[in-house]
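**Q** For reference, the file model-v1.cif (mmCIF, C-alpha atoms and all ligand atoms) is included below:
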data_model
#
loop_
_atom_site.group_PDB
_atom_site.id
_atom_site.type_symbol
_atom_site.label_atom_id
_atom_site.label_comp_id
_atom_site.auth_asym_id
_atom_site.auth_seq_id
_atom_site.Cartn_x
_atom_site.Cartn_y
_atom_site.Cartn_z
ATOM 1 C CA MET X 581 33.591 -53.916 -2.358
ATOM 2 C CA CYS X 582 33.286 -50.780 -4.322
ATOM 3 C CA LYS X 583 33.519 -50.981 -8.080
ATOM 4 C CA PRO X 584 35.565 -48.413 -10.004
ATOM 5 C CA ASP X 585 32.526 -46.368 -11.027
ATOM 6 C CA CYS X 586 31.198 -46.042 -7.455
ATOM 7 C CA GLN X 587 33.813 -43.363 -6.704
ATOM 8 C CA ASP X 588 31.986 -41.038 -9.132
ATOM 9 C CA ALA X 589 28.534 -41.839 -7.760
ATOM 10 C CA SER X 590 29.353 -41.178 -4.107
ATOM 11 C CA PRO X 591 30.131 -37.433 -4.347
ATOM 12 C CA ARG X 592 27.101 -37.007 -6.604
ATOM 13 C CA ARG X 593 24.840 -38.721 -4.059
ATOM 14 C CA SER X 594 26.315 -36.575 -1.318
ATOM 15 C CA PHE X 595 25.691 -33.425 -3.331
ATOM 16 C CA PHE X 596 22.027 -34.314 -3.891
ATOM 17 C CA LYS X 597 21.601 -35.147 -0.212
ATOM 18 C CA GLU X 598 23.018 -31.780 0.811
ATOM 19 C CA ALA X 599 20.932 -29.925 -1.760
ATOM 20 C CA ALA X 600 17.765 -31.663 -0.523
ATOM 21 C CA ALA X 601 18.646 -30.806 3.086
ATOM 22 C CA VAL X 602 19.169 -27.123 2.174
ATOM 23 C CA LEU X 603 15.885 -27.030 0.245
ATOM 24 C CA ILE X 604 13.841 -28.630 3.036
ATOM 25 C CA GLY X 605 15.509 -26.430 5.645
ATOM 26 C CA GLY X 606 14.709 -23.353 3.528
ATOM 27 C CA ILE X 607 11.044 -24.312 3.220
ATOM 28 C CA ILE X 608 10.752 -25.005 6.954
ATOM 29 C CA THR X 609 12.249 -21.596 7.736
ATOM 30 C CA LEU X 610 10.565 -19.503 5.060
ATOM 31 C CA VAL X 611 6.946 -20.645 5.307
ATOM 32 C CA PRO X 612 6.365 -19.488 8.920
ATOM 33 C CA ALA X 613 8.419 -16.336 8.286
ATOM 34 C CA ALA X 614 6.329 -15.436 5.242
ATOM 35 C CA ALA X 615 3.092 -16.077 7.151
ATOM 36 C CA GLY X 616 4.238 -13.827 9.991
ATOM 37 C CA LEU X 617 5.323 -11.070 7.625
ATOM 38 C CA PHE X 618 1.989 -11.184 5.803
ATOM 39 C CA ALA X 619 0.047 -10.829 9.047
ATOM 40 C CA TRP X 620 2.285 -8.000 10.241
ATOM 41 C CA LEU X 621 2.009 -6.054 6.997
ATOM 42 C CA ASP X 622 -1.747 -6.336 6.773
ATOM 43 C CA PRO X 623 -3.224 -4.925 9.971
ATOM 44 C CA LEU X 624 -6.533 -3.884 8.480
ATOM 45 C CA ARG X 625 -7.228 -7.423 7.310
ATOM 46 C CA ARG X 626 -6.529 -8.688 10.826
ATOM 47 C CA GLN X 627 -8.943 -6.280 12.426
ATOM 48 C CA GLY X 628 -11.840 -7.596 10.435
ATOM 49 C CA GLY X 629 -11.950 -5.808 7.119
ATOM 50 C CA ALA X 630 -9.485 -4.407 4.612
ATOM 51 C CA ALA X 631 -12.422 -2.487 3.205
ATOM 52 C CA GLY X 632 -13.375 -0.944 6.553
ATOM 53 C CA PHE X 633 -13.953 2.775 7.083
ATOM 54 C CA VAL X 634 -11.495 4.615 9.315
ATOM 55 C CA LYS X 635 -11.844 8.098 10.763
ATOM 56 C CA VAL X 636 -9.120 10.342 9.332
ATOM 57 C CA GLY X 637 -10.077 13.785 10.632
ATOM 58 C CA THR X 638 -12.765 16.417 11.020
ATOM 59 C CA LEU X 639 -14.147 19.092 8.726
ATOM 60 C CA ASP X 640 -12.543 21.789 10.900
ATOM 61 C CA ALA X 641 -9.106 20.571 9.765
ATOM 62 C CA LEU X 642 -9.929 20.829 6.063
ATOM 63 C CA PRO X 643 -10.630 24.266 4.535
ATOM 64 C CA ALA X 644 -13.102 24.285 1.602
ATOM 65 C CA ASP X 645 -10.541 25.589 -0.910
ATOM 66 C CA SER X 646 -9.986 22.392 -2.977
ATOM 67 C CA VAL X 647 -6.318 22.259 -1.985
ATOM 68 C CA PRO X 648 -5.183 18.680 -1.217
ATOM 69 C CA ARG X 649 -4.028 18.079 2.335
ATOM 70 C CA LYS X 650 -2.306 14.999 3.640
ATOM 71 C CA PHE X 651 -3.777 12.933 6.496
ATOM 72 C CA ALA X 652 -2.294 9.901 8.226
ATOM 73 C CA VAL X 653 -4.462 6.795 8.380
ATOM 74 C CA LEU X 654 -4.361 5.172 11.800
ATOM 75 C CA ALA X 655 -5.725 1.768 12.695
ATOM 76 C CA ASP X 656 -5.339 -0.848 15.396
ATOM 77 C CA ARG X 657 -2.668 -3.374 14.502
ATOM 78 C CA VAL X 658 -3.326 -6.896 15.708
ATOM 79 C CA ASP X 659 -0.902 -9.766 15.377
ATOM 80 C CA ALA X 660 -0.824 -13.178 16.953
ATOM 81 C CA TRP X 661 0.367 -11.862 20.308
ATOM 82 C CA THR X 662 -0.249 -8.147 20.638
ATOM 83 C CA ARG X 663 -2.714 -5.413 19.823
ATOM 84 C CA SER X 664 -1.220 -1.975 19.064
ATOM 85 C CA PRO X 665 -3.884 0.724 19.043
ATOM 86 C CA GLN X 666 -3.925 3.473 16.415
ATOM 87 C CA VAL X 667 -0.661 2.982 14.539
ATOM 88 C CA PRO X 668 -0.008 4.572 11.101
ATOM 89 C CA VAL X 669 -0.947 2.200 8.264
ATOM 90 C CA GLY X 670 -0.920 4.652 5.368
ATOM 91 C CA ALA X 671 -1.595 8.193 4.221
ATOM 92 C CA ILE X 672 -4.165 9.875 2.010
ATOM 93 C CA TYR X 673 -4.874 13.286 0.515
ATOM 94 C CA LEU X 674 -8.228 14.963 1.104
ATOM 95 C CA ARG X 675 -9.717 17.820 -0.927
ATOM 96 C CA ARG X 676 -12.784 19.704 0.271
ATOM 97 C CA LEU X 677 -14.537 21.003 -2.819
ATOM 98 C CA LYS X 678 -17.652 22.362 -1.126
ATOM 99 C CA ASP X 679 -19.010 22.511 2.387
ATOM 100 C CA ARG X 680 -19.721 18.769 2.588
ATOM 101 C CA GLU X 681 -18.113 17.509 -0.612
ATOM 102 C CA ILE X 682 -14.821 15.718 0.050
ATOM 103 C CA VAL X 683 -12.560 13.780 -2.310
ATOM 104 C CA ALA X 684 -10.027 11.273 -0.962
ATOM 105 C CA MET X 685 -6.975 10.016 -2.863
ATOM 106 C CA HIS X 686 -4.374 7.439 -1.905
ATOM 107 C CA SER X 687 -0.878 8.859 -1.472
ATOM 108 C CA MET X 688 0.726 5.891 -3.213
ATOM 109 C CA CYS X 689 1.829 6.261 -6.832
ATOM 110 C CA PRO X 690 0.076 3.703 -9.089
ATOM 111 C CA HIS X 691 3.275 3.208 -11.098
ATOM 112 C CA ALA X 692 5.387 1.325 -8.552
ATOM 113 C CA GLY X 693 4.084 2.306 -5.132
ATOM 114 C CA CYS X 694 6.256 5.270 -4.081
ATOM 115 C CA PHE X 695 4.608 8.097 -2.141
ATOM 116 C CA VAL X 696 3.596 11.232 -4.024
ATOM 117 C CA ASP X 697 4.035 14.752 -2.640
ATOM 118 C CA TYR X 698 1.687 17.641 -3.247
ATOM 119 C CA ARG X 699 3.543 20.714 -4.571
ATOM 120 C CA ASP X 700 1.806 23.944 -3.582
ATOM 121 C CA GLU X 701 3.570 26.111 -6.163
ATOM 122 C CA ALA X 702 2.998 23.805 -9.141
ATOM 123 C CA LYS X 703 -0.430 22.789 -7.813
ATOM 124 C CA ASP X 704 0.267 19.188 -8.683
ATOM 125 C CA PHE X 705 1.292 15.857 -7.192
ATOM 126 C CA TYR X 706 4.837 14.702 -7.901
ATOM 127 C CA CYS X 707 6.320 11.236 -7.560
ATOM 128 C CA PRO X 708 10.074 11.450 -6.953
ATOM 129 C CA CYS X 709 10.766 7.851 -8.012
ATOM 130 C CA HIS X 710 10.219 8.150 -11.780
ATOM 131 C CA ASN X 711 8.839 11.693 -12.135
ATOM 132 C CA SER X 712 5.150 11.013 -12.610
ATOM 133 C CA THR X 713 3.013 14.093 -12.074
ATOM 134 C CA PHE X 714 -0.699 14.325 -11.404
ATOM 135 C CA ALA X 715 -3.102 17.267 -11.478
ATOM 136 C CA GLN X 716 -4.768 18.543 -8.314
ATOM 137 C CA ASP X 717 -7.693 16.172 -8.895
ATOM 138 C CA GLY X 718 -5.310 13.200 -9.204
ATOM 139 C CA SER X 719 -5.558 12.775 -12.988
ATOM 140 C CA ILE X 720 -2.421 12.203 -15.091
ATOM 141 C CA ASN X 721 -1.329 15.573 -16.443
ATOM 142 C CA ASP X 722 1.745 14.514 -18.385
ATOM 143 C CA PRO X 723 1.427 12.243 -21.445
ATOM 144 C CA LYS X 724 4.918 10.885 -20.739
ATOM 145 C CA SER X 725 3.992 9.925 -17.184
ATOM 146 C CA PRO X 726 5.081 6.365 -16.410
ATOM 147 C CA SER X 727 2.070 5.926 -14.148
ATOM 148 C CA PRO X 728 -0.550 3.749 -15.891
ATOM 149 C CA ARG X 729 -3.509 5.416 -14.147
ATOM 150 C CA ALA X 730 -4.590 8.403 -12.079
ATOM 151 C CA LEU X 731 -4.164 8.499 -8.316
ATOM 152 C CA ASP X 732 -6.538 6.036 -6.669
ATOM 153 C CA THR X 733 -9.646 7.604 -5.182
ATOM 154 C CA LEU X 734 -11.200 6.264 -1.987
ATOM 155 C CA GLU X 735 -14.771 6.222 -0.732
ATOM 156 C CA VAL X 736 -15.606 9.001 1.744
ATOM 157 C CA GLU X 737 -18.377 9.206 4.318
ATOM 158 C CA LEU X 738 -19.218 12.236 6.458
ATOM 159 C CA ARG X 739 -20.533 11.331 9.888
ATOM 160 C CA GLY X 740 -21.536 14.673 11.355
ATOM 161 C CA ASN X 741 -18.309 16.629 11.555
ATOM 162 C CA GLU X 742 -16.095 13.589 11.104
ATOM 163 C CA ILE X 743 -14.462 12.412 7.863
ATOM 164 C CA TRP X 744 -14.358 8.650 7.411
ATOM 165 C CA VAL X 745 -12.583 6.942 4.507
ATOM 166 C CA ARG X 746 -12.715 3.373 3.255
ATOM 167 C CA PHE X 747 -8.963 2.875 3.265
ATOM 168 C CA GLN X 748 -7.718 0.323 0.791
ATOM 169 C CA ASN X 749 -4.516 -0.418 -1.118
ATOM 170 C CA PHE X 750 -4.484 -1.044 -4.852
ATOM 171 C CA ALA X 751 -1.965 -3.007 -6.922
ATOM 172 C CA ALA X 752 0.620 -0.858 -8.695
ATOM 173 C CA GLY X 753 1.478 -1.143 -12.370
ATOM 174 C CA HIS X 754 -1.999 -1.740 -13.871
ATOM 175 C CA ARG X 755 -4.250 0.519 -15.909
ATOM 176 C CA GLU X 756 -7.248 -0.387 -13.782
ATOM 177 C CA LYS X 757 -7.661 -0.262 -10.002
ATOM 178 C CA ARG X 758 -7.160 -3.728 -8.517
ATOM 179 C CA PRO X 759 -7.850 -3.875 -4.786
ATOM 180 C CA VAL X 760 -5.202 -5.666 -2.758
ATOM 181 C CA VAL X 761 -7.001 -8.171 -0.518
HETATM 182 S S1 LIG O 1 6.657 4.962 -8.588
HETATM 183 FE FE1 LIG O 1 5.863 6.881 -9.078
HETATM 184 S S2 LIG O 1 6.615 7.289 -11.020
HETATM 185 FE FE2 LIG O 1 7.362 5.326 -10.588
#
Written as structure tokens, that's how I'd like the structure from this file.

**A**
Amino acid sequence: MCKPDCQDASPRRSFFKEAAAVLIGGIITLVPAAAGLFAWLDPLRRQGGAAGFVKVGTLDALPADSVPRKFAVLADRVDAWTRSPQVPVGAIYLRRLKDREIVAMHSMCPHAGCFVDYRDEAKDFYCPCHNSTFAQDGSINDPKSPSPRALDTLEVELRGNEIWVRFQNFAAGHREKRPVV
């Protein structure tokens, strides 16, 4: 027989039961989803090296005038079931300073990860999200710039006529470059 105070306890017990069921259901659903999303968003890691070099173009496509030009970065995307060859995984800017002297910069703004545009007339990079600007060489050219560091440079290798870049993402919002692994 139920005592008078058991009427209060029953709804409380029911509430905790339901809350526990929702929590366990959420964990069961979210863990595999998060794992899948991580694999899908990180194709370079899946193909055997986030720090791997990828071919981004040839010297013929890059005049030696120091003007930054944007290049797509393509790589094979591999997930648990499929392999998609040569899909876009990012973009970089290349500057050819001399015949065989190339500088590569990531197109992502180090402030919060938006993409910067190169403005021919102003000869600078502009981030439309919070108005950071960067000089042609990627350095911060405005003391009020919200970006904590210059554009991230990337390692370049010339293999004959081909330009190869060690494509890598870096964490936004820090003064120093922190590779995302
Ligand atoms: S993300 Fe570029 S200025 Fe904020």

**Q** List, as a PyMOL selection string, every residue that the PyMOL selection byres (((not hetatm)) within 12 of (chain O and resi 1)) selects in the file provided.

**A** chain X and resi 687-697+705-714+720+722+724-731+751-753

**Q** Which residues are close to Ile682 in chain X, i.e. within 10 Å by only C-alpha atoms, leaving aside same-chain residues fewer than 3 positions away? Reply as a compact mmCIF listing (two decimals) with C-alpha atoms, keeping the file's coordinate frame.

**A**
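The file below, result-v5.txt, is the result:
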# COMPACT_ATOMS: atom_id res chain seq x y z
CA LEU X 639 -14.15 19.09 8.73
CA LEU X 642 -9.93 20.83 6.06
CA ALA X 644 -13.10 24.28 1.60
CA SER X 646 -9.99 22.39 -2.98
CA LEU X 674 -8.23 14.96 1.10
CA ARG X 675 -9.72 17.82 -0.93
CA ARG X 676 -12.78 19.70 0.27
CA LEU X 677 -14.54 21.00 -2.82
CA LYS X 678 -17.65 22.36 -1.13
CA ASP X 679 -19.01 22.51 2.39
CA GLU X 735 -14.77 6.22 -0.73
CA VAL X 736 -15.61 9.00 1.74
CA GLU X 737 -18.38 9.21 4.32
CA LEU X 738 -19.22 12.24 6.46
CA ILE X 743 -14.46 12.41 7.86

**Q** Every residue with an atom at most 12 Å from (-2.2, 5.8, 16.7) (file coordinates; all atoms listed in the file) is what I'm after, so could you write them as number ranges by chain?

**A** X: 634-636, 652-657, 663-670

**Q** Record the distance separating CA of Phe633 in chain X and CA of Glu756 in chain X, expressed in Å with one decimal.

**A**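 So the answer is 22.1 Å.
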
**Q** Taking the file as shown, what set of residues would the PyMOL selection byres (((chain X and resi 649) around 7) and not hetatm) give back, as a ChimeraX atom specification?

**A** /X:647-648,650-651,673-675

**Q** Between CA of Thr733 in chain X and CA of Phe747 in chain X, what is the spacing in Å?

**A**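 One can read the CA of Phe747 in chain X to CA of Thr733 in chain X distance as 9.7 Å.
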
**Q** Take CA of Gly740 in chain X and CA of Gly718 in chain X and report the distance between them in Å, one decimal.

**A**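 Result for CA of Gly740 in chain X versus CA of Gly718 in chain X: 26.2 Å, one decimal.
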
**Q** Looking at X:Ser719, X:Ser594, X:Thr662, X:Thr638, which one is nearest to Trp744 in chain X, with distances taken over all atoms listed in the file?

**A**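 Going through X:Ser719, X:Ser594, X:Thr662, X:Thr638 one by one, the smallest distance to Trp744 in chain X is for X:Thr638.
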
**Q** With the PyMOL selection byres (((chain X and resi 760) around 9) and not hetatm) as the selection, what would be picked from this file? Answer as a list in words, please.

**A** Ala630, Gln748, Asn749, Phe750, Ala751, Arg758, Pro759 and Val761 of chain X

**Q** Using only C-alpha atoms, which of the listed residues (X:Ile672, X:Val658, X:Ala715, X:Ala702) sits closest to Arg746 in chain X?

**A**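 Using only C-alpha atoms, the shortest distance to Arg746 in chain X belongs to X:Ile672.
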
**Q** Rank nothing, just name the residue among X:Asn741, X:Glu681, X:Asp640, X:Asp645 nearest to Gln716 in chain X, using only C-alpha atoms.

**A**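 Among the listed residues, X:Asp645 lies closest to Gln716 in chain X.
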
**Q** So which one's closest to Lys757 in chain X, X:Ala671, X:His686, X:Pro723, X:Arg739? Using only C-alpha atoms, please.

**A** X:His686
